[in-house]
file protein.txt (compact mmCIF, C-alpha atoms)
# COMPACT_ATOMS: atom_id res chain seq x y z
CA MET A 1 124.66 155.65 148.18
CA THR A 2 125.67 158.48 145.86
CA ASP A 3 122.84 160.50 147.41
CA ASN A 4 124.84 160.64 150.61
CA TRP A 5 128.13 161.63 149.06
CA PRO A 6 128.54 165.35 148.46
CA LEU A 7 129.52 166.75 145.08
CA TYR A 8 132.94 168.38 144.69
CA GLU A 9 134.23 170.68 141.96
CA VAL A 10 137.67 169.82 140.64
CA PHE A 11 140.38 172.24 139.51
CA VAL A 12 143.59 171.01 137.91
CA ARG A 13 146.79 172.89 137.18
CA GLY A 14 148.74 171.52 134.24
CA LYS A 15 152.49 171.30 133.91
CA ARG A 16 152.71 174.52 131.93
CA GLY A 17 149.66 176.15 133.42
CA LEU A 18 149.95 179.04 135.85
CA ASN A 19 146.46 178.67 137.27
CA HIS A 20 144.04 175.92 138.20
CA VAL A 21 141.34 175.22 135.64
CA HIS A 22 137.91 173.86 136.42
CA VAL A 23 137.69 170.42 134.80
CA GLY A 24 134.53 168.89 136.22
CA SER A 25 133.07 167.41 139.37
CA ILE A 26 133.11 164.17 141.36
CA HIS A 27 131.42 162.61 144.37
CA ALA A 28 133.33 161.71 147.53
CA ALA A 29 132.65 160.99 151.18
CA ASP A 30 135.21 163.50 152.44
CA ASP A 31 137.77 166.05 151.27
CA GLU A 32 140.68 163.62 151.15
CA MET A 33 138.70 161.08 149.16
CA ALA A 34 137.60 163.89 146.85
CA LEU A 35 141.23 164.69 146.11
CA ARG A 36 141.99 161.05 145.35
CA ASN A 37 138.90 160.55 143.22
CA ALA A 38 139.77 163.71 141.32
CA ARG A 39 143.27 162.34 140.73
CA ASP A 40 141.84 159.11 139.38
CA VAL A 41 139.14 160.65 137.21
CA TYR A 42 140.83 163.80 135.88
CA THR A 43 144.58 163.26 135.76
CA ARG A 44 144.79 159.79 134.19
CA ARG A 45 146.31 161.14 131.00
CA ASN A 46 149.26 162.92 132.45
CA GLU A 47 147.53 166.29 132.68
CA GLY A 48 148.15 167.67 136.08
CA VAL A 49 150.68 168.68 138.70
CA SER A 50 148.24 170.10 141.24
CA ILE A 51 144.60 169.54 142.15
CA TRP A 52 142.13 171.62 144.11
CA VAL A 53 138.78 170.27 145.20
CA VAL A 54 135.99 172.21 146.84
CA LYS A 55 132.51 171.17 147.88
CA SER A 56 130.09 172.43 145.25
CA SER A 57 127.84 173.70 148.03
CA GLU A 58 130.69 176.00 149.18
CA ILE A 59 130.72 177.90 145.90
CA THR A 60 128.79 181.13 145.70
CA ALA A 61 127.86 181.81 142.10
CA SER A 62 126.41 184.82 140.36
CA SER A 63 122.85 184.37 139.17
CA PRO A 64 121.88 184.55 135.48
CA ASP A 65 119.10 186.99 136.47
CA GLU A 66 121.72 189.48 137.60
CA LYS A 67 123.65 189.23 134.37
CA ASP A 68 122.93 192.79 133.25
CA PRO A 69 123.68 194.69 136.44
CA PHE A 70 126.72 192.48 136.99
CA PHE A 71 128.35 192.56 133.59
CA ALA A 72 126.78 195.11 131.29
CA PRO A 73 128.49 198.15 132.91
CA SER A 74 131.91 196.86 131.85
CA GLY A 75 130.80 196.40 128.26
CA ASP A 76 131.76 199.88 127.05
CA LYS A 77 134.95 200.56 129.04
CA VAL A 78 137.35 199.81 126.25
CA TYR A 79 140.16 201.69 128.01
CA ARG A 80 140.24 198.96 130.64
CA HIS A 81 141.85 196.64 128.11
CA PRO A 82 145.61 196.83 127.75
CA THR A 83 145.18 196.74 123.98
CA PHE A 84 143.52 200.19 124.16
CA TYR A 85 146.95 201.74 124.68
CA ASP A 86 149.82 202.00 122.26
CA VAL A 87 152.79 200.25 123.75
CA PRO A 88 156.15 201.71 122.68
CA GLU A 89 158.28 199.13 120.86
CA HIS A 90 161.13 199.27 123.38
CA VAL A 91 158.90 198.29 126.36
CA PRO A 92 159.60 194.60 127.11
CA HIS A 93 157.59 191.86 128.85
CA MET A 94 154.12 193.04 127.92
CA MET B 1 154.01 184.81 123.08
CA THR B 2 153.47 186.91 119.96
CA ASP B 3 151.93 184.41 117.55
CA HIS B 4 148.35 184.91 118.68
CA ASP B 5 146.84 182.90 115.88
CA SER B 6 148.33 179.70 117.23
CA VAL B 7 146.95 180.18 120.74
CA ASP B 8 143.92 178.12 121.62
CA HIS B 9 141.93 179.72 124.40
CA GLY B 10 140.00 176.59 125.42
CA ALA B 11 139.77 175.65 129.06
CA TYR B 12 142.23 172.83 128.65
CA THR B 13 144.93 174.87 126.94
CA SER B 14 147.02 175.19 130.05
CA LEU B 15 146.83 171.46 130.63
CA VAL B 16 148.31 170.60 127.26
CA GLU B 17 151.89 169.52 127.27
CA ALA B 18 154.15 171.21 124.77
CA ASP B 19 154.77 168.63 122.10
CA ASP B 20 154.14 168.02 118.45
CA ASP B 21 151.20 165.69 118.86
CA ALA B 22 148.38 168.15 118.31
CA ARG B 23 145.74 165.46 117.84
CA TRP B 24 145.16 165.13 121.55
CA ALA B 25 143.26 167.69 123.54
CA PHE B 26 145.39 167.28 126.63
CA GLY B 27 147.57 164.90 128.54
CA THR B 28 150.30 163.81 126.16
CA SER B 29 154.08 163.48 126.44
CA PHE B 30 154.05 160.13 128.17
CA ASP B 31 157.33 158.81 129.52
CA ASP B 32 158.87 155.60 128.27
CA PRO B 33 160.07 153.84 131.42
CA LEU B 34 162.75 152.04 129.43
CA ALA B 35 164.11 155.16 127.70
CA GLY B 36 167.89 155.01 127.68
CA VAL B 37 168.03 151.60 129.37
CA ASP B 38 170.44 149.01 127.96
CA THR B 39 168.17 146.02 127.31
CA THR B 40 170.84 143.39 126.69
CA VAL B 41 170.87 140.76 129.42
CA PRO B 42 174.00 141.43 131.51
CA SER B 43 176.69 138.72 131.33
CA GLY B 44 176.54 137.96 135.07
CA VAL B 45 172.80 137.22 134.98
CA ASP B 46 171.37 133.70 134.58
CA ALA B 47 168.95 134.25 131.68
CA THR B 48 166.70 131.26 132.47
CA ALA B 49 166.38 132.24 136.12
CA LEU B 50 165.69 135.83 135.07
CA ALA B 51 162.89 134.69 132.73
CA THR B 52 161.30 132.58 135.48
CA TYR B 53 161.50 135.43 137.94
CA CYS B 54 160.01 137.85 135.41
CA LEU B 55 157.08 135.50 134.79
CA MET B 56 156.26 135.44 138.51
CA LEU B 57 156.46 139.20 138.75
CA ALA B 58 154.45 139.76 135.57
CA ASP B 59 151.79 137.11 136.18
CA ASP B 60 150.98 138.46 139.65
CA ALA B 61 150.35 141.85 138.06
CA LEU B 62 148.51 140.56 135.00
CA VAL B 63 146.12 138.36 136.96
CA LEU B 64 145.33 140.96 139.61
CA ALA B 65 144.77 143.51 136.83
CA GLN B 66 142.19 141.14 135.37
CA ARG B 67 140.44 140.73 138.73
CA LEU B 68 140.42 144.49 139.33
CA GLY B 69 139.02 145.00 135.84
CA GLU B 70 136.08 142.81 136.79
CA TRP B 71 134.94 145.59 139.12
CA THR B 72 134.22 147.82 136.14
CA THR B 73 130.45 148.45 136.11
CA HIS B 74 130.17 146.67 139.49
CA ALA B 75 131.97 148.98 141.93
CA PRO B 76 129.96 150.74 144.64
CA GLU B 77 130.71 154.19 143.16
CA ILE B 78 131.70 155.26 139.67
CA GLU B 79 134.71 157.15 141.04
CA GLU B 80 135.90 153.99 142.80
CA GLU B 81 135.41 152.06 139.62
CA VAL B 82 137.78 154.38 137.80
CA ALA B 83 140.25 154.11 140.68
CA LEU B 84 140.25 150.31 140.53
CA ALA B 85 140.57 150.31 136.76
CA ASN B 86 143.51 152.72 137.04
CA ILE B 87 145.24 150.45 139.51
CA GLY B 88 144.62 147.49 137.24
CA LEU B 89 146.05 149.38 134.28
CA ASP B 90 149.18 150.31 136.24
CA LEU B 91 149.68 146.61 136.99
CA LEU B 92 148.96 145.67 133.40
CA GLY B 93 151.63 148.12 132.28
CA GLN B 94 154.13 146.50 134.62
CA ALA B 95 153.09 143.06 133.42
CA ARG B 96 153.66 143.91 129.76
CA LEU B 97 157.16 145.25 130.34
CA VAL B 98 158.16 142.31 132.49
CA LEU B 99 156.61 139.70 130.17
CA ALA B 100 158.59 141.21 127.32
CA ARG B 101 161.67 140.99 129.53
CA ALA B 102 161.00 137.31 130.23
CA ALA B 103 160.79 136.68 126.49
CA ALA B 104 164.02 138.58 125.85
CA ALA B 105 165.87 136.65 128.55
CA ASP B 106 164.61 133.22 127.47
CA PRO B 107 162.68 133.01 124.17
CA GLY B 108 161.89 129.41 125.12
CA VAL B 109 159.15 130.56 127.50
CA VAL B 110 157.10 132.11 124.67
CA PRO B 111 154.34 129.89 123.24
CA ALA B 112 154.71 129.06 119.55
CA LEU B 113 152.18 130.63 117.17
CA PRO B 114 151.68 130.10 113.43
CA GLU B 115 154.46 131.51 111.30
CA ARG B 116 154.09 135.21 110.49
CA SER B 117 151.67 135.76 113.38
CA PRO B 118 151.86 139.47 114.26
CA VAL B 119 151.07 138.85 117.96
CA PRO B 120 153.86 140.46 120.05
CA VAL B 121 155.73 138.45 122.69
CA ASP B 122 154.01 140.00 125.71
CA ASP B 123 150.60 139.15 124.23
CA ARG B 124 151.76 135.64 123.36
CA LEU B 125 152.75 135.09 126.97
CA ALA B 126 149.55 136.61 128.33
CA PHE B 127 147.08 134.98 125.97
CA PHE B 128 148.59 131.73 124.78
CA ARG B 129 150.03 130.08 127.86
CA ASP B 130 148.04 127.41 129.67
CA ALA B 131 147.30 127.71 133.37
CA ALA B 132 150.19 125.47 134.38
CA ALA B 133 152.66 127.88 132.78
CA PHE B 134 151.43 130.81 134.88
CA ARG B 135 153.57 131.60 137.93
CA ASN B 136 151.26 133.94 139.88
CA VAL B 137 150.36 133.37 143.52
CA HIS B 138 146.87 132.22 144.52
CA LEU B 139 146.26 135.50 146.35
CA VAL B 140 145.77 137.37 143.06
CA GLU B 141 143.69 134.73 141.26
CA GLN B 142 140.95 134.23 143.87
CA PRO B 143 137.56 135.67 142.89
CA ASN B 144 137.00 139.22 144.09
CA GLY B 145 134.44 138.53 146.79
CA ASP B 146 132.98 141.73 148.12
CA PHE B 147 134.58 145.17 148.04
CA ALA B 148 136.17 144.77 151.47
CA ALA B 149 137.86 141.52 150.42
CA THR B 150 139.20 143.25 147.30
CA MET B 151 140.62 146.02 149.47
CA ALA B 152 142.12 143.50 151.91
CA ARG B 153 143.81 141.69 149.04
CA LEU B 154 145.03 144.93 147.50
CA LEU B 155 146.44 146.04 150.85
CA VAL B 156 148.46 142.87 151.31
CA PHE B 157 149.50 142.52 147.69
CA SER B 158 150.54 146.13 147.16
CA SER B 159 152.40 146.23 150.50
CA TRP B 160 154.35 143.18 149.42
CA ARG B 161 154.92 144.30 145.85
CA LEU B 162 156.02 147.72 147.01
CA ALA B 163 158.68 146.16 149.24
CA LEU B 164 159.71 143.83 146.42
CA LEU B 165 159.95 146.54 143.75
CA ASP B 166 161.78 148.78 146.17
CA ASP B 167 164.40 146.03 146.48
CA LEU B 168 164.46 145.41 142.72
CA ARG B 169 165.46 149.01 142.01
CA GLY B 170 168.93 147.71 142.74
CA SER B 171 168.55 144.66 140.47
CA ALA B 172 171.51 143.47 138.41
CA ASP B 173 169.14 143.47 135.44
CA PRO B 174 168.80 147.06 134.20
CA VAL B 175 165.33 146.45 132.74
CA LEU B 176 163.91 145.06 135.99
CA ALA B 177 165.54 147.93 137.84
CA ALA B 178 163.89 150.47 135.50
CA VAL B 179 160.48 148.79 135.73
CA ALA B 180 160.82 148.71 139.52
CA GLU B 181 161.75 152.39 139.61
CA LYS B 182 158.54 153.26 137.78
CA GLY B 183 156.44 150.66 139.58
CA VAL B 184 157.33 151.82 143.08
CA LYS B 185 155.50 155.11 142.52
CA GLU B 186 152.46 153.33 141.14
CA VAL B 187 152.22 150.65 143.79
CA ARG B 188 152.72 153.15 146.59
CA TYR B 189 149.50 154.78 145.44
CA HIS B 190 147.74 151.40 145.25
CA ARG B 191 148.77 150.63 148.79
CA GLU B 192 147.65 154.02 149.99
CA HIS B 193 144.28 153.56 148.30
CA ALA B 194 143.74 150.13 149.86
CA ALA B 195 144.98 151.23 153.29
CA ARG B 196 142.58 154.17 153.38
CA TRP B 197 139.64 151.97 152.48
CA CYS B 198 140.59 149.29 155.01
CA VAL B 199 140.71 151.88 157.79
CA THR B 200 137.56 153.63 156.56
CA LEU B 201 135.57 150.39 156.40
CA ALA B 202 136.92 149.04 159.69
CA GLN B 203 136.14 152.31 161.47
CA GLY B 204 132.84 152.91 159.68
CA THR B 205 129.54 151.24 160.51
CA ASP B 206 129.06 147.89 162.23
CA ILE B 207 128.32 146.30 158.88
CA SER B 208 131.34 147.77 157.10
CA ARG B 209 133.59 146.70 159.98
CA GLU B 210 132.19 143.17 159.93
CA ARG B 211 132.76 142.94 156.20
CA MET B 212 136.29 144.32 156.45
CA ILE B 213 137.17 141.70 159.05
CA ALA B 214 135.53 138.98 156.97
CA GLY B 215 137.31 140.22 153.83
CA LEU B 216 140.70 140.10 155.48
CA ARG B 217 139.95 136.65 156.82
CA ALA B 218 138.95 135.48 153.36
CA VAL B 219 142.22 136.50 151.72
CA TRP B 220 144.58 135.66 154.57
CA PRO B 221 145.09 131.90 153.90
CA ASP B 222 146.80 132.84 150.62
CA VAL B 223 149.11 135.44 152.17
CA PRO B 224 151.91 133.06 153.36
CA GLU B 225 152.56 131.96 149.76
CA LEU B 226 154.14 135.37 149.13
CA GLU B 227 156.91 134.57 151.57
CA GLY B 228 158.45 132.05 149.20
CA THR B 229 159.38 134.69 146.64
CA ASP B 230 162.92 135.98 146.67
CA PRO B 231 163.82 138.22 148.48
CA SER B 232 161.84 137.01 151.49
CA SER B 233 162.72 140.26 153.28
CA ALA B 234 159.99 141.85 151.14
CA PHE B 235 157.45 139.66 152.92
CA ASP B 236 158.66 140.70 156.37
CA GLN B 237 158.57 144.35 155.35
CA ALA B 238 155.07 143.93 153.91
CA MET B 239 153.74 142.30 157.09
CA ASP B 240 155.13 145.18 159.17
CA ASP B 241 153.39 147.65 156.86
CA VAL B 242 150.12 145.70 156.90
CA ASP B 243 150.26 145.54 160.70
CA GLN B 244 150.49 149.33 160.84
CA VAL B 245 147.33 149.64 158.76
CA LEU B 246 145.53 146.99 160.78
CA GLN B 247 146.47 148.83 163.93
CA ALA B 248 145.00 152.05 162.56
CA ALA B 249 141.93 150.07 161.53
CA GLY B 250 141.70 148.49 164.98
CA ILE B 251 141.58 144.93 163.68
CA GLU B 252 143.79 141.91 164.24
CA ARG B 253 145.64 139.72 161.80
CA PRO B 254 143.30 136.79 161.12
CA ASP B 255 144.23 133.51 162.77
CA VAL B 256 143.60 131.11 159.89
CA PRO B 257 145.65 128.24 158.48
CA ALA B 258 147.67 128.79 155.31
CA SER B 259 146.14 127.40 152.13
CA GLY B 260 149.51 126.06 151.01
CA GLY B 261 149.04 127.39 147.48
CA ARG B 262 151.74 126.60 144.93
CA GLY B 263 151.00 129.06 142.18
CA ARG B 264 154.72 129.65 141.65
CA ASP B 265 154.93 126.01 140.52
CA GLY B 266 152.02 126.43 138.12
CA VAL B 267 149.44 124.78 140.39
CA HIS B 268 146.33 126.93 140.35
CA THR B 269 142.78 127.10 141.71
CA GLU B 270 139.67 126.16 139.82
CA ALA B 271 138.63 129.80 139.65
CA PHE B 272 141.82 130.56 137.73
CA ALA B 273 140.65 128.43 134.80
CA SER B 274 137.60 130.61 134.19
CA LEU B 275 139.65 133.78 134.66
CA LEU B 276 142.04 132.60 131.95
CA ALA B 277 139.17 131.58 129.67
CA GLU B 278 137.81 135.10 129.81
CA LEU B 279 141.24 136.72 129.50
CA GLN B 280 142.45 134.56 126.63
CA GLY B 281 139.38 133.42 124.69
CA LEU B 282 139.26 136.16 122.09
CA ALA B 283 143.01 136.27 121.41
CA ARG B 284 143.18 132.49 121.08
CA GLU B 285 140.49 132.48 118.45
CA HIS B 286 142.64 134.80 116.35
CA PRO B 287 146.28 133.72 116.56
CA MET B 288 146.97 135.76 113.42
CA GLY B 289 145.10 138.77 114.79
CA ARG B 290 146.46 142.28 114.76
CA TRP B 291 145.05 144.42 117.58
call {"tool": "encode", "arguments": {"input": "protein.txt", "output": "structure tokens"}}
result
Amino acid sequence: MTDNWPLYEVFVRGKRGLNHVHVGSIHAADDEMALRNARDVYTRRNEGVSIWVVKSSEITASSPDEKDPFFAPSGDKVYRHPTFYDVPEHVPHM
Amino acid sequence: MTDHDSVDHGAYTSLVEADDDARWAFGTSFDDPLAGVDTTVPSGVDATALATYCLMLADDALVLAQRLGEWTTHAPEIEEEVALANIGLDLLGQARLVLARAAAADPGVVPALPERSPVPVDDRLAFFRDAAAFRNVHLVEQPNGDFAATMARLLVFSSWRLALLDDLRGSADPVLAAVAEKGVKEVRYHREHAARWCVTLAQGTDISRERMIAGLRAVWPDVPELEGTDPSSAFDQAMDDVDQVLQAAGIERPDVPASGGRGRDGVHTEAFASLLAELQGLAREHPMGRW
């Protein structure tokens, strides 16, 4: 039966969290059931305040073969990090 | 945040509640439903009647929790298995609080154990009472049958319990009121879960529809017993709610005679004896046990 139920990826946002975090995957017959199954499997210990589910087949992922052209060019651009710059002491909320 | 050394950058960091219990990866800070509640029995409340009422309320939940637990490793899908176990655990949580309340109201209901036994009162009531001292309805003690019958039972039971707990939020007993306040949210989810499955199965394939109808028919003779529990308005409300689901499912209320069960008087089915044997066997072998 599981063969017929699509796989969903589950993202949960915690009480203090600002963004949804990928926590795992579940099977479900439809989107609504996916949400409920995710609730039952991944938020049993008081973790979450919000859940996203998406069919795994709907996710487009980068391929490991493309790792170098994808990510290597950013490897030496240290000035893209905020820590590259000296922040004056009186500048708040950094 | 300036103390960078204390920041854990694991994926679950944002799911962790801010508290001192650093042993747990995530999901802590549980609420105590009785926090701040005055647990003395109010002067206007009949303590014996309160204890009897609590036993009914607790035993329904305890016994159905046991039946739902039996689905573990047998459910059609692993996700559904977790869902059923969760529902059972919610009910078990309600049962423990209400059993403890029964013991507080009337210590006479608690079975005697050897002196210095460390077994707490809720466990004594759950594990050391004989069948005749249990006050649950027959609806919750019947064997599971197939998945559709389990969903039919859960639909009826959670509809009724939701209406009952909703009423009990205004109870003169502050503990029952607090348990009801917490329980309403839980049971609303149980009802929703059962209702969705009943509609899904009834509107699914010919086989799933047949089994849904048969499941409802199998549990229905034990439904009228619920009506005898005070307040009876909860039963009327529950039947209205069940009718709505049945309408969405496109199936009729079964036309079957009532079984005339008297679980509230301690008269139980044969199947209940084996349920209790499994539930109680281990604890009864170790009356001095610490768990």
call {"tool": "interface_residues", "arguments": {"input": "protein.txt", "of": "chain A", "to": "chain B", "cutoff": "7 Å", "atoms": "all atoms listed in the file", "output": "PDB file with C-alpha atoms, keeping the file's coordinate frame"}}
result
ATOM      1  CA  ARG A  13     146.790 172.890 137.180  1.00  0.00           C
ATOM      2  CA  GLY A  14     148.740 171.520 134.240  1.00  0.00           C
ATOM      3  CA  LYS A  15     152.490 171.300 133.910  1.00  0.00           C
ATOM      4  CA  ARG A  16     152.710 174.520 131.930  1.00  0.00           C
ATOM      5  CA  GLY A  17     149.660 176.150 133.420  1.00  0.00           C
ATOM      6  CA  VAL A  21     141.340 175.220 135.640  1.00  0.00           C
ATOM      7  CA  ASN A  37     138.900 160.550 143.220  1.00  0.00           C
ATOM      8  CA  ASP A  40     141.840 159.110 139.380  1.00  0.00           C
ATOM      9  CA  VAL A  41     139.140 160.650 137.210  1.00  0.00           C
ATOM     10  CA  ARG A  45     146.310 161.140 131.000  1.00  0.00           C
ATOM     11  CA  ASN A  46     149.260 162.920 132.450  1.00  0.00           C
ATOM     12  CA  GLU A  47     147.530 166.290 132.680  1.00  0.00           C
ATOM     13  CA  GLY A  48     148.150 167.670 136.080  1.00  0.00           C
TER      14      GLY A  48
END
call {"tool": "residues_around", "arguments": {"input": "protein.txt", "residues": "Leu176 (chain B)", "least_positions_apart": "4", "cutoff": "8 Å", "atoms": "all atoms listed in the file", "output": "list in words"}}
result
Val98, Arg101, Leu168, Arg169, Ser171 and Ala180 of chain B
call {"tool": "residues_around", "arguments": {"input": "protein.txt", "residues": "Ala38 (chain A)", "least_positions_apart": "4", "cutoff": "9 Å", "atoms": "all atoms listed in the file", "output": "list in words"}}
result
Tyr8, Glu9, Val10, Phe11, Val12, Gly24, Ser25, Ile26, His27, Met33, Ala34, Tyr42, Thr43, Ile51, Trp52 and Val53 of chain A; Glu79 of chain B
call {"tool": "residues_around", "arguments": {"input": "protein.txt", "residues": "region 270-280 of chain B", "least_positions_apart": "4", "cutoff": "9 Å", "atoms": "all atoms listed in the file", "output": "list in words"}}
result
Val63, Gln66, Arg67, Ala126, Phe127, Phe128, Arg129, Asp130, Ala131, His138, Glu141, Gln142, Pro143, Arg284 and Glu285 of chain B
call {"tool": "atom_distance", "arguments": {"input": "protein.txt", "atom1": "CA of Glu115 (chain B)", "atom2": "CA of Arg290 (chain B)"}}
result
13.9 Å
call {"tool": "closest_residue", "arguments": {"input": "protein.txt", "among": "A:Ala28, A:Gly75, A:Val91, A:Val23", "to": "Asn4 (chain A)", "atoms": "only C-alpha atoms"}}
result
A:Ala28
call {"tool": "atom_distance", "arguments": {"input": "protein.txt", "atom1": "CA of Val242 (chain B)", "atom2": "CA of Ser159 (chain B)"}}
result
6.8 Å
call {"tool": "atom_distance", "arguments": {"input": "protein.txt", "atom1": "CA of Val179 (chain B)", "atom2": "CA of Leu62 (chain B)"}}
result
14.5 Å
call {"tool": "closest_residue", "arguments": {"input": "protein.txt", "among": "B:Leu246, B:Met288, B:Leu57, B:Met239", "to": "Leu165 (chain B)", "atoms": "only C-alpha atoms"}}
result
B:Leu57
call {"tool": "closest_residue", "arguments": {"input": "protein.txt", "among": "B:Cys54, B:Leu155, B:Val187, B:Ala105", "to": "Leu89 (chain B)", "atoms": "all atoms listed in the file"}}
result
B:Val187
call {"tool": "decode", "arguments": {"input": "protein.txt", "residues": "region 172-186 of chain B", "atoms": "N, CA and C atoms", "output": "mmCIF file, in the first residue's frame"}}
result
data_model
loop_
_atom_site.group_PDB
_atom_site.id
_atom_site.type_symbol
_atom_site.label_atom_id
_atom_site.label_comp_id
_atom_site.auth_asym_id
_atom_site.auth_seq_id
_atom_site.Cartn_x
_atom_site.Cartn_y
_atom_site.Cartn_z
ATOM 1 N N ALA B 172 -18.035 22.169 38.720
ATOM 2 C CA ALA B 172 -17.820 22.735 40.051
ATOM 3 C C ALA B 172 -16.500 22.243 40.628
ATOM 4 N N ASP B 173 -15.988 21.139 40.107
ATOM 5 C CA ASP B 173 -14.697 20.645 40.582
ATOM 6 C C ASP B 173 -13.587 21.262 39.731
ATOM 7 N N PRO B 174 -12.699 22.027 40.346
ATOM 8 C CA PRO B 174 -11.681 22.729 39.549
ATOM 9 C C PRO B 174 -10.725 21.792 38.822
ATOM 10 N N VAL B 175 -10.490 20.601 39.368
ATOM 11 C CA VAL B 175 -9.578 19.662 38.709
ATOM 12 C C VAL B 175 -10.234 19.112 37.438
ATOM 13 N N LEU B 176 -11.479 18.668 37.562
ATOM 14 C CA LEU B 176 -12.186 18.184 36.362
ATOM 15 C C LEU B 176 -12.264 19.278 35.307
ATOM 16 N N ALA B 177 -12.518 20.489 35.759
ATOM 17 C CA ALA B 177 -12.612 21.610 34.809
ATOM 18 C C ALA B 177 -11.284 21.810 34.080
ATOM 19 N N ALA B 178 -10.167 21.691 34.819
ATOM 20 C CA ALA B 178 -8.847 21.881 34.199
ATOM 21 C C ALA B 178 -8.510 20.739 33.241
ATOM 22 N N VAL B 179 -8.853 19.516 33.641
ATOM 23 C CA VAL B 179 -8.605 18.365 32.769
ATOM 24 C C VAL B 179 -9.451 18.497 31.496
ATOM 25 N N ALA B 180 -10.688 18.949 31.670
ATOM 26 C CA ALA B 180 -11.581 19.110 30.517
ATOM 27 C C ALA B 180 -11.042 20.176 29.566
ATOM 28 N N GLU B 181 -10.542 21.244 30.135
ATOM 29 C CA GLU B 181 -9.996 22.347 29.329
ATOM 30 C C GLU B 181 -8.883 21.836 28.412
ATOM 31 N N LYS B 182 -8.009 21.023 28.987
ATOM 32 C CA LYS B 182 -6.901 20.443 28.216
ATOM 33 C C LYS B 182 -7.432 19.384 27.248
ATOM 34 N N GLY B 183 -8.353 18.561 27.744
ATOM 35 C CA GLY B 183 -8.833 17.426 26.967
ATOM 36 C C GLY B 183 -9.612 17.820 25.727
ATOM 37 N N VAL B 184 -10.330 18.940 25.807
ATOM 38 C CA VAL B 184 -11.136 19.374 24.666
ATOM 39 C C VAL B 184 -10.277 19.517 23.416
ATOM 40 N N LYS B 185 -9.087 20.110 23.597
ATOM 41 C CA LYS B 185 -8.203 20.322 22.433
ATOM 42 C C LYS B 185 -7.730 18.980 21.879
ATOM 43 N N GLU B 186 -7.434 18.049 22.779
ATOM 44 C CA GLU B 186 -6.963 16.743 22.330
ATOM 45 C C GLU B 186 -8.064 15.992 21.583
#
